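Structure data (compact mmCIF, C-alpha atoms and all ligand atoms) from run.txt:
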```txt
# COMPACT_ATOMS: atom_id res chain seq x y z
CA MET A 47 166.03 -98.34 -38.63
CA GLN A 48 167.50 -98.21 -35.15
CA LYS A 49 166.14 -98.46 -31.64
CA ILE A 50 167.30 -98.72 -28.04
CA VAL A 51 166.71 -102.05 -26.33
CA ILE A 52 166.88 -102.85 -22.61
CA ASN A 53 167.43 -106.54 -21.87
CA GLN A 54 168.09 -106.09 -18.14
CA THR A 55 167.13 -103.11 -16.00
CA GLY A 56 169.94 -101.19 -14.34
CA GLY A 57 172.36 -98.38 -15.17
CA THR A 58 172.79 -96.46 -18.41
CA GLU A 59 175.01 -99.26 -19.76
CA GLN A 60 171.77 -101.21 -20.28
CA LEU A 61 170.69 -98.85 -23.08
CA ASN A 62 171.72 -100.75 -26.25
CA LEU A 63 171.41 -99.25 -29.73
CA VAL A 64 170.43 -101.94 -32.27
CA ASP A 65 169.44 -102.11 -35.95
CA PHE A 66 166.02 -103.56 -36.65
CA GLU A 67 163.34 -103.96 -39.29
CA LEU A 68 159.76 -102.99 -38.72
CA GLY A 69 156.75 -104.80 -40.18
CA THR A 70 153.73 -103.05 -41.63
CA PRO A 71 151.31 -101.52 -39.12
CA GLY A 72 148.44 -103.73 -37.99
CA ALA A 73 144.75 -102.85 -37.92
CA GLY A 74 144.21 -99.60 -36.02
CA GLU A 75 147.94 -98.80 -36.11
CA VAL A 76 150.15 -96.41 -38.03
CA GLN A 77 153.85 -96.39 -38.78
CA ILE A 78 155.71 -93.25 -37.78
CA LYS A 79 159.15 -91.98 -38.67
CA HIS A 80 160.25 -90.11 -35.54
CA THR A 81 161.69 -86.62 -35.87
CA ALA A 82 162.14 -85.81 -32.17
CA ILE A 83 161.84 -87.91 -29.01
CA GLY A 84 161.00 -86.42 -25.61
CA LEU A 85 163.21 -87.39 -22.66
CA ASN A 86 161.28 -87.81 -19.40
CA PHE A 87 162.18 -88.83 -15.88
CA ILE A 88 159.79 -91.77 -16.21
CA ASP A 89 162.30 -93.19 -18.73
CA VAL A 90 164.80 -93.46 -15.87
CA TYR A 91 162.25 -95.30 -13.68
CA PHE A 92 161.70 -97.86 -16.46
CA ARG A 93 165.44 -98.22 -17.09
CA THR A 94 166.22 -98.83 -13.41
CA GLY A 95 163.25 -101.16 -12.93
CA LEU A 96 161.40 -98.92 -10.45
CA TYR A 97 158.48 -99.13 -12.89
CA PRO A 98 158.00 -102.62 -14.31
CA ALA A 99 158.08 -103.54 -18.02
CA GLU A 100 158.28 -106.88 -19.74
CA LYS A 101 161.83 -107.40 -21.03
CA PRO A 102 163.31 -106.90 -23.54
CA PHE A 103 161.75 -103.50 -24.18
CA THR A 104 162.39 -100.24 -25.95
CA PRO A 105 162.05 -97.35 -23.49
CA GLY A 106 160.76 -93.85 -24.17
CA MET A 107 157.19 -92.62 -23.83
CA GLU A 108 156.99 -89.59 -26.10
CA ALA A 109 157.88 -88.60 -29.64
CA ALA A 110 156.87 -86.53 -32.63
CA GLY A 111 157.10 -87.66 -36.24
CA ILE A 112 155.54 -88.15 -39.62
CA VAL A 113 152.99 -90.81 -40.45
CA GLU A 114 154.48 -93.07 -43.16
CA GLN A 115 151.94 -95.90 -43.36
CA VAL A 116 148.41 -96.34 -42.12
CA GLY A 117 146.92 -99.70 -41.07
CA GLU A 118 143.43 -100.95 -41.75
CA GLY A 119 140.58 -98.99 -40.24
CA VAL A 120 142.58 -95.89 -39.28
CA THR A 121 140.62 -92.72 -39.99
CA ASN A 122 142.00 -90.07 -37.61
CA VAL A 123 145.37 -89.60 -39.41
CA LYS A 124 146.82 -90.12 -42.90
CA SER A 125 150.26 -90.52 -44.48
CA GLY A 126 152.31 -87.35 -44.28
CA ASP A 127 150.58 -85.98 -41.15
CA ARG A 128 152.76 -84.55 -38.38
CA VAL A 129 151.81 -86.20 -35.09
CA VAL A 130 152.96 -86.45 -31.50
CA TYR A 131 152.16 -88.91 -28.71
CA CYS A 132 153.04 -89.73 -25.14
CA GLY A 133 152.33 -92.70 -22.94
CA ALA A 134 153.36 -95.61 -25.14
CA LEU A 135 156.67 -97.37 -24.37
CA GLY A 136 158.91 -97.72 -27.41
CA ALA A 137 159.73 -94.13 -28.36
CA TYR A 138 163.54 -94.52 -28.36
CA ALA A 139 163.58 -95.54 -32.01
CA THR A 140 163.88 -94.04 -35.47
CA HIS A 141 160.55 -95.64 -36.48
CA ARG A 142 157.70 -97.47 -34.78
CA ASN A 143 154.18 -98.77 -35.18
CA ILE A 144 151.67 -97.37 -32.72
CA ALA A 145 147.92 -97.41 -32.07
CA ALA A 146 146.42 -94.50 -34.01
CA ASP A 147 144.27 -93.40 -31.05
CA LYS A 148 147.45 -92.46 -29.11
CA LEU A 149 148.25 -89.76 -31.67
CA VAL A 150 147.63 -86.04 -31.50
CA PRO A 151 147.98 -83.91 -34.65
CA ILE A 152 150.64 -81.21 -34.31
CA PRO A 153 149.12 -77.83 -35.17
CA ASP A 154 150.73 -75.50 -37.72
CA GLY A 155 153.09 -73.11 -36.00
CA VAL A 156 154.27 -75.70 -33.45
CA SER A 157 157.48 -77.50 -34.42
CA ASP A 158 158.10 -81.22 -34.01
CA ASP A 159 160.87 -80.43 -31.51
CA ILE A 160 158.60 -78.27 -29.37
CA SER A 161 155.77 -80.80 -29.43
CA ALA A 162 158.11 -83.67 -28.40
CA ALA A 163 159.54 -81.41 -25.68
CA SER A 164 156.17 -80.47 -24.29
CA LEU A 165 153.35 -83.00 -24.73
CA LEU A 166 154.00 -85.30 -21.77
CA LYS A 167 155.27 -82.52 -19.50
CA GLY A 168 152.60 -80.03 -20.56
CA LEU A 169 149.69 -82.47 -20.21
CA THR A 170 151.04 -83.17 -16.74
CA ALA A 171 151.10 -79.45 -15.89
CA HIS A 172 147.57 -79.19 -17.30
CA TYR A 173 146.04 -81.87 -15.06
CA LEU A 174 148.00 -80.68 -12.02
CA LEU A 175 146.61 -77.15 -12.41
CA PHE A 176 143.08 -77.86 -13.66
CA LEU A 177 142.10 -81.32 -12.45
CA THR A 178 144.11 -82.56 -9.45
CA TYR A 179 143.88 -79.10 -7.85
CA LYS A 180 141.84 -76.34 -9.48
CA LEU A 181 144.20 -73.41 -9.14
CA LYS A 182 142.38 -70.14 -8.50
CA LYS A 183 143.60 -66.59 -9.01
CA GLY A 184 145.61 -65.57 -5.96
CA ASP A 185 146.36 -69.14 -4.79
CA ALA A 186 149.92 -69.69 -3.69
CA MET A 187 151.54 -72.82 -5.10
CA PHE A 188 154.89 -74.35 -4.22
CA VAL A 189 156.70 -76.21 -7.01
CA GLN A 190 159.81 -78.38 -6.58
CA ALA A 191 162.22 -78.60 -9.59
CA ALA A 192 160.89 -75.28 -10.93
CA ALA A 193 163.54 -75.09 -13.70
CA GLY A 194 163.02 -78.68 -14.87
CA GLY A 195 160.86 -80.05 -17.67
CA VAL A 196 157.44 -80.26 -16.01
CA GLY A 197 158.32 -77.55 -13.49
CA SER A 198 159.06 -74.93 -16.18
CA ILE A 199 155.65 -75.39 -17.81
CA LEU A 200 153.80 -75.74 -14.49
CA CYS A 201 155.21 -72.47 -13.14
CA GLN A 202 154.53 -70.48 -16.32
CA TRP A 203 150.98 -71.78 -16.66
CA GLY A 204 150.29 -71.39 -12.93
CA LYS A 205 151.48 -67.79 -13.06
CA HIS A 206 149.26 -67.13 -16.07
CA LEU A 207 146.26 -68.44 -14.12
CA GLY A 208 146.98 -65.86 -11.42
CA GLY A 209 148.89 -68.08 -9.00
CA TYR A 210 151.51 -66.79 -6.58
CA VAL A 211 154.29 -69.13 -7.60
CA ILE A 212 157.02 -70.23 -5.21
CA GLY A 213 159.58 -72.46 -6.91
CA ALA A 214 162.55 -74.44 -5.62
CA VAL A 215 165.69 -75.31 -7.61
CA GLY A 216 168.87 -77.20 -6.81
CA SER A 217 171.58 -74.68 -7.69
CA ASP A 218 172.43 -71.00 -8.25
CA GLU A 219 172.50 -71.44 -12.05
CA LYS A 220 168.86 -72.52 -12.09
CA VAL A 221 167.57 -69.53 -10.08
CA PRO A 222 167.28 -67.11 -13.07
CA LEU A 223 165.51 -69.80 -15.10
CA ALA A 224 162.89 -70.32 -12.40
CA LYS A 225 162.38 -66.54 -12.33
CA GLU A 226 161.89 -66.54 -16.11
CA ASN A 227 159.32 -69.29 -15.58
CA GLY A 228 157.25 -66.80 -13.58
CA CYS A 229 158.23 -67.72 -10.03
CA ASP A 230 157.50 -64.86 -7.65
CA VAL A 231 159.89 -66.40 -5.14
CA VAL A 232 162.74 -68.79 -5.94
CA ILE A 233 164.31 -70.99 -3.25
CA ASN A 234 167.74 -72.52 -3.76
CA LEU A 235 167.66 -75.92 -2.08
CA SER A 236 171.46 -76.07 -1.93
CA ASN A 237 171.69 -73.28 0.65
CA GLU A 238 168.17 -72.43 1.85
CA ASP A 239 165.61 -74.18 4.01
CA PHE A 240 162.54 -74.48 1.81
CA VAL A 241 159.99 -74.81 4.63
CA GLU A 242 161.27 -71.63 6.25
CA LYS A 243 161.27 -69.79 2.91
CA VAL A 244 157.77 -70.92 1.90
CA ARG A 245 156.43 -69.84 5.32
CA GLU A 246 158.23 -66.51 4.99
CA ALA A 247 156.78 -65.95 1.51
CA THR A 248 153.22 -66.61 2.75
CA ASP A 249 153.32 -64.59 6.00
CA GLY A 250 153.59 -67.80 7.97
CA LYS A 251 150.36 -69.26 6.56
CA GLY A 252 151.72 -71.87 4.17
CA VAL A 253 150.38 -72.72 0.72
CA PRO A 254 147.12 -74.47 -0.25
CA VAL A 255 148.96 -76.74 -2.72
CA VAL A 256 152.44 -78.23 -3.05
CA TYR A 257 153.57 -79.90 -6.28
CA ASP A 258 156.38 -82.23 -5.24
CA SER A 259 158.09 -84.36 -7.89
CA LEU A 260 161.18 -85.14 -5.83
CA GLY A 261 159.54 -87.78 -3.64
CA LYS A 262 161.29 -89.50 -0.74
CA ASP A 263 163.78 -86.80 0.33
CA THR A 264 161.34 -83.89 0.39
CA PHE A 265 157.94 -85.46 1.10
CA GLU A 266 157.70 -84.73 4.83
CA LYS A 267 159.17 -81.25 4.60
CA SER A 268 156.85 -80.44 1.70
CA LEU A 269 153.91 -81.30 4.00
CA ASP A 270 155.24 -78.63 6.38
CA CYS A 271 154.77 -76.01 3.64
CA LEU A 272 150.99 -76.55 3.56
CA GLN A 273 148.27 -74.56 5.29
CA PRO A 274 145.61 -76.56 7.19
CA HIS A 275 143.53 -78.71 4.79
CA GLY A 276 146.18 -78.12 2.12
CA LEU A 277 146.80 -80.57 -0.72
CA MET A 278 150.10 -82.35 -1.19
CA VAL A 279 150.43 -83.44 -4.80
CA SER A 280 153.23 -85.99 -4.81
CA TYR A 281 153.66 -86.68 -8.50
CA GLY A 282 157.20 -88.00 -8.91
CA ASN A 283 160.09 -89.97 -7.41
CA ALA A 284 163.27 -88.22 -8.58
CA THR A 285 164.87 -88.93 -5.16
CA GLY A 286 163.07 -92.26 -4.61
CA PRO A 287 159.51 -93.46 -4.01
CA VAL A 288 157.49 -92.28 -1.00
CA SER A 289 155.73 -94.53 1.48
CA ILE A 290 153.56 -93.21 4.30
CA PRO A 291 153.75 -95.63 7.21
CA ASP A 292 151.51 -93.53 9.46
CA LEU A 293 148.50 -91.65 8.09
CA GLY A 294 148.38 -89.76 11.41
CA ILE A 295 151.13 -87.52 10.00
CA LEU A 296 148.40 -85.83 7.93
CA SER A 297 146.27 -85.01 10.98
CA ARG A 298 149.24 -83.80 13.02
CA LYS A 299 150.30 -81.43 10.24
CA GLY A 300 146.84 -79.86 9.78
CA SER A 301 144.28 -82.34 8.39
CA LEU A 302 146.12 -82.43 5.10
CA TYR A 303 145.20 -84.17 1.85
CA VAL A 304 147.67 -86.16 -0.22
CA VAL A 305 147.29 -87.39 -3.76
CA ARG A 306 149.69 -89.45 -5.87
CA PRO A 307 148.39 -88.89 -9.41
CA LYS A 308 149.64 -90.00 -12.80
CA LEU A 309 149.08 -88.45 -16.21
CA PHE A 310 147.73 -91.55 -17.87
CA ASP A 311 144.68 -91.57 -15.57
CA TYR A 312 143.79 -88.13 -16.93
CA THR A 313 144.05 -89.10 -20.61
CA ASN A 314 141.91 -92.23 -20.61
CA THR A 315 140.04 -91.49 -23.80
CA HIS A 316 141.24 -90.18 -27.15
CA GLU A 317 138.86 -87.23 -26.69
CA GLU A 318 140.41 -86.30 -23.30
CA LEU A 319 143.89 -86.61 -24.78
CA VAL A 320 143.16 -84.39 -27.77
CA ASN A 321 141.20 -81.79 -25.75
CA ASN A 322 143.94 -81.45 -23.13
CA ALA A 323 146.65 -81.37 -25.82
CA ASN A 324 144.75 -78.60 -27.60
CA ALA A 325 144.61 -76.61 -24.35
CA LEU A 326 148.39 -77.03 -24.14
CA PHE A 327 149.07 -76.09 -27.76
CA ASP A 328 146.85 -73.05 -27.30
CA VAL A 329 149.00 -71.63 -24.46
CA ILE A 330 152.16 -72.50 -26.42
CA GLN A 331 150.91 -70.74 -29.56
CA LYS A 332 149.88 -67.70 -27.51
CA ASN A 333 153.36 -67.63 -25.95
CA VAL A 334 151.85 -67.93 -22.48
CA VAL A 335 154.01 -71.02 -22.07
CA LYS A 336 157.45 -70.90 -23.65
CA VAL A 337 158.91 -74.36 -24.02
CA ASN A 338 162.59 -74.23 -23.22
CA ILE A 339 164.59 -77.01 -24.87
CA GLY A 340 167.63 -76.89 -22.63
CA GLN A 341 169.56 -79.64 -24.41
CA LYS A 342 169.44 -82.07 -27.32
CA PHE A 343 171.20 -85.44 -27.68
CA ASP A 344 171.51 -87.90 -30.56
CA LEU A 345 169.81 -91.26 -30.05
CA LYS A 346 173.23 -92.94 -29.98
CA ASP A 347 174.11 -90.75 -26.97
CA ILE A 348 171.04 -91.72 -24.96
CA ALA A 349 173.20 -92.83 -21.99
CA LYS A 350 174.62 -89.30 -21.77
CA ALA A 351 171.10 -87.89 -21.78
CA HIS A 352 170.02 -90.18 -18.91
CA ASN A 353 173.15 -89.31 -16.94
CA ALA A 354 172.50 -85.59 -17.35
CA LEU A 355 168.86 -85.91 -16.26
CA GLU A 356 169.65 -88.07 -13.25
CA ASN A 357 172.51 -85.85 -12.15
CA ARG A 358 170.40 -82.66 -12.17
CA GLN A 359 172.43 -81.23 -15.07
CA THR A 360 169.50 -80.53 -17.38
CA THR A 361 167.23 -77.49 -17.50
CA GLY A 362 163.83 -77.23 -19.14
CA SER A 363 163.02 -80.04 -21.57
CA THR A 364 165.42 -82.42 -23.28
CA ILE A 365 164.88 -83.95 -26.71
CA ILE A 366 166.58 -86.87 -28.40
CA LEU A 367 167.22 -86.72 -32.15
CA PRO A 368 166.73 -90.04 -33.93
N1 LIG B 1 152.86 -88.32 -12.13
C1 LIG B 1 152.89 -87.85 -13.36
O1 LIG B 1 151.87 -87.84 -14.05
C2 LIG B 1 154.16 -87.32 -13.91
C3 LIG B 1 154.25 -86.95 -15.25
C4 LIG B 1 155.44 -86.39 -15.71
C5 LIG B 1 156.50 -86.23 -14.84
N2 LIG B 1 156.38 -86.64 -13.56
C6 LIG B 1 157.47 -86.45 -12.60
O2 LIG B 1 157.83 -85.09 -12.63
C7 LIG B 1 159.21 -84.97 -12.32
C8 LIG B 1 159.86 -84.09 -13.35
O3 LIG B 1 159.99 -84.81 -14.57
P1 LIG B 1 160.86 -84.20 -15.74
O4 LIG B 1 160.95 -85.25 -16.77
O5 LIG B 1 160.32 -82.88 -16.09
O6 LIG B 1 162.30 -84.05 -15.05
P2 LIG B 1 163.06 -82.70 -14.61
O7 LIG B 1 162.23 -81.93 -13.66
O8 LIG B 1 163.53 -82.01 -15.82
O9 LIG B 1 164.31 -83.30 -13.88
C9 LIG B 1 164.25 -83.67 -12.54
C10 LIG B 1 164.72 -82.54 -11.63
O10 LIG B 1 164.49 -82.94 -10.28
C11 LIG B 1 165.42 -82.29 -9.45
N3 LIG B 1 166.07 -83.22 -8.52
C12 LIG B 1 166.20 -83.02 -7.19
N4 LIG B 1 166.81 -84.04 -6.62
C13 LIG B 1 167.10 -84.92 -7.58
C14 LIG B 1 167.77 -86.17 -7.58
N5 LIG B 1 168.25 -86.74 -6.47
N6 LIG B 1 167.93 -86.78 -8.77
C15 LIG B 1 167.45 -86.25 -9.89
N7 LIG B 1 166.79 -85.06 -9.95
C16 LIG B 1 166.62 -84.40 -8.79
C17 LIG B 1 166.46 -81.63 -10.35
O11 LIG B 1 166.19 -80.23 -10.34
P3 LIG B 1 166.96 -79.30 -9.27
O12 LIG B 1 168.41 -79.55 -9.47
O13 LIG B 1 166.53 -77.93 -9.64
O14 LIG B 1 166.47 -79.72 -7.91
C18 LIG B 1 166.21 -82.25 -11.70
O15 LIG B 1 166.57 -81.38 -12.74
C19 LIG B 1 159.76 -86.39 -12.19
O16 LIG B 1 159.77 -86.74 -10.83
C20 LIG B 1 158.73 -87.19 -12.95
O17 LIG B 1 158.68 -88.51 -12.50
C21 LIG B 1 155.24 -87.18 -13.09
```
Would you give me this structure, written as structure tokens?
Ligand SMILES: NC(=O)c1ccc[n+]([C@@H]2O[C@H](COP(=O)([O-])OP(=O)(O)OC[C@H]3O[C@@H](n4cnc5c(N)ncnc54)[C@H](OP(=O)(O)O)[C@@H]3O)[C@@H](O)[C@H]2O)c1
Amino acid sequence: MQKIVINQTGGTEQLNLVDFELGTPGAGEVQIKHTAIGLNFIDVYFRTGLYPAEKPFTPGMEAAGIVEQVGEGVTNVKSGDRVVYCGALGAYATHRNIAADKLVPIPDGVSDDISAASLLKGLTAHYLLFLTYKLKKGDAMFVQAAAGGVGSILCQWGKHLGGYVIGAVGSDEKVPLAKENGCDVVINLSNEDFVEKVREATDGKGVPVVYDSLGKDTFEKSLDCLQPHGLMVSYGNATGPVSIPDLGILSRKGSLYVVRPKLFDYTNTHEELVNNANALFDVIQKNVVKVNIGQKFDLKDIAKAHNALENRQTTGSTIILP
């Protein structure tokens, strides 16, 4: 058995691959042999220390695998079941013990790779479109990182719901991908002004909702893309965390709303988790959402995977093979 351990937060050199032995699962837990691990930007925040964790720790929030042992009192899964989870640190490992109520059964017809590539990102797209803002047919939405992991699912699902999807990407190569994701308009941040382009695409009106995962560098300009009373959904920090020193900025820019949500507040109960995951698997099985696994890395190459994600070299989802 192998896992990645972080003793000190910092750069990718802090990701150490070690051998280990795992004890039997405790009451309410199961032991899983991972088959695919999902790479997420939140893994970078934990590695750098932006999000706190008690050290030493094994990073990674999402994986699919097979149940190998079941602890006392577990009734929702049994040995041999294919399961996936997100939201429990410790996924960068070949095996782990985990609370059984974190697990979602993988339906037939969905592979382990696809489920590890989509659960965390797809549940995020789900709450962003149905809960944080209830997207209605005809609503325009502006999405940063429209060819990335969350962005790819968010754009496809938003388009399916009848949204007018405006997506931004960081380079020419990502433009066709954002189009495939259903974007009606694609903005290339490397040579276009996104505020100007969003205004142009909406006849000057602006959009009712912006989904901004880039954070610090784009926050203020993303506010300028909103129509009066519009909602700024600031859901990530890829360029650094956002602080608002002056709430007056929201009144000056049109009595705007801002929310800084996180997935794990929308999956508080096992029932919520399973229901939302089923909604995701349904759109995947119907091919409404196509999960694009842009790249795969071996667990021993986890530093390369982090470098690629941080340097904007990935597209779609990334999985790690244990
Ligand atoms: N709040 C939540 O519940 C929640 C849940 C899941 C994810 N998230 C957030 O959603 C975002 C997307 O996550 P993901 O895992 O799917 O990652 P991702 O979108 O696949 O990768 C991040 C993308 O951000 C863009 N980017 C722009 N400037 C960047 C910079 N300075 N450094 C790195 N990337 C930059 C890049 O796309 P371009 O080159 O096209 O600009 C890059 O590919 C992250 O911010 C993550 O924290 C939030």
Review point. If you count all atoms listed in the file, which residues fall within 9 Å of segment 282-292 of chain A, apart from same-chain ones fewer than 3 positions away, as a list in words?
Key: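 With the cut-off at 9 Å, the set is Phe87, Ile88, Tyr91, Leu96, Asp258, Ser259, Leu260, Gly261, Lys262, Asp263, Thr264, Phe265, Ile295, Leu296, Arg306, Pro307, Lys308 and Glu356 of chain A.
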Within 8 Å of Gly136 of chain A using only C-alpha atoms, minus same-chain residues under 3 positions, as a PDB file with C-alpha atoms, in the coordinates of the input:
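Dumped to around-v2.pdb:
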```
ATOM      1  CA  PHE A 103     161.750-103.500 -24.180  1.00  0.00           C
ATOM      2  CA  THR A 104     162.390-100.240 -25.950  1.00  0.00           C
ATOM      3  CA  PRO A 105     162.050 -97.350 -23.490  1.00  0.00           C
ATOM      4  CA  GLY A 106     160.760 -93.850 -24.170  1.00  0.00           C
ATOM      5  CA  MET A 107     157.190 -92.620 -23.830  1.00  0.00           C
ATOM      6  CA  ALA A 139     163.580 -95.540 -32.010  1.00  0.00           C
ATOM      7  CA  ARG A 142     157.700 -97.470 -34.780  1.00  0.00           C
TER       8      ARG A 142
END
```
Check your understanding: So which residues are near ligand LIG 1 (chain B), meaning at most 7 Å away with only C-alpha atoms and all ligand atoms counted, given back as a ChimeraX atom specification?
Key -> /A:85-88,166-167,170,190-197,214-217,220,259-260,281-285,307-310,355-363
Exercise for review: Could you jot down the atom CA of Gln202 of chain A to atom CA of Asn321 of chain A separation for me, Å, one decimal place?
Suggested key: 19.9 Å
Exercise for review: May I ask which of the residues A:Gly84, A:Pro151, A:Gly276, A:Gly72 is the closest one to Val116 of chain A, counting all atoms listed in the file?
Suggested key: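 Closest candidate: A:Gly72.
In this model, the gap between atom CA of Ile212 of chain A and atom CA of Ala163 of chain A comes to 23.5 Å.
Between Gly204 of chain A and the residues A:Asp159, A:Asp230, A:Glu266, A:Asp65, the shortest atom-to-atom distance, using only C-alpha atoms, involves A:Asp230.
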Exercise for review: For atom CA of Asn322 of chain A and atom CA of Gly168 of chain A, determine how far apart the two atoms are, in Å to one decimal place.
Suggested key: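 So the two atoms, atom CA of Asn322 of chain A and atom CA of Gly168 of chain A, lie 9.1 Å apart.
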Exercise for review: Name the closest residue to Asp89 of chain A among the candidates A:Ile52, A:Leu200, A:Glu246, A:Pro102; distances are taken between atoms, counting all atoms listed in the file.
Suggested key: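 Using all atoms listed in the file, Asp89 of chain A sits closest to A:Ile52.
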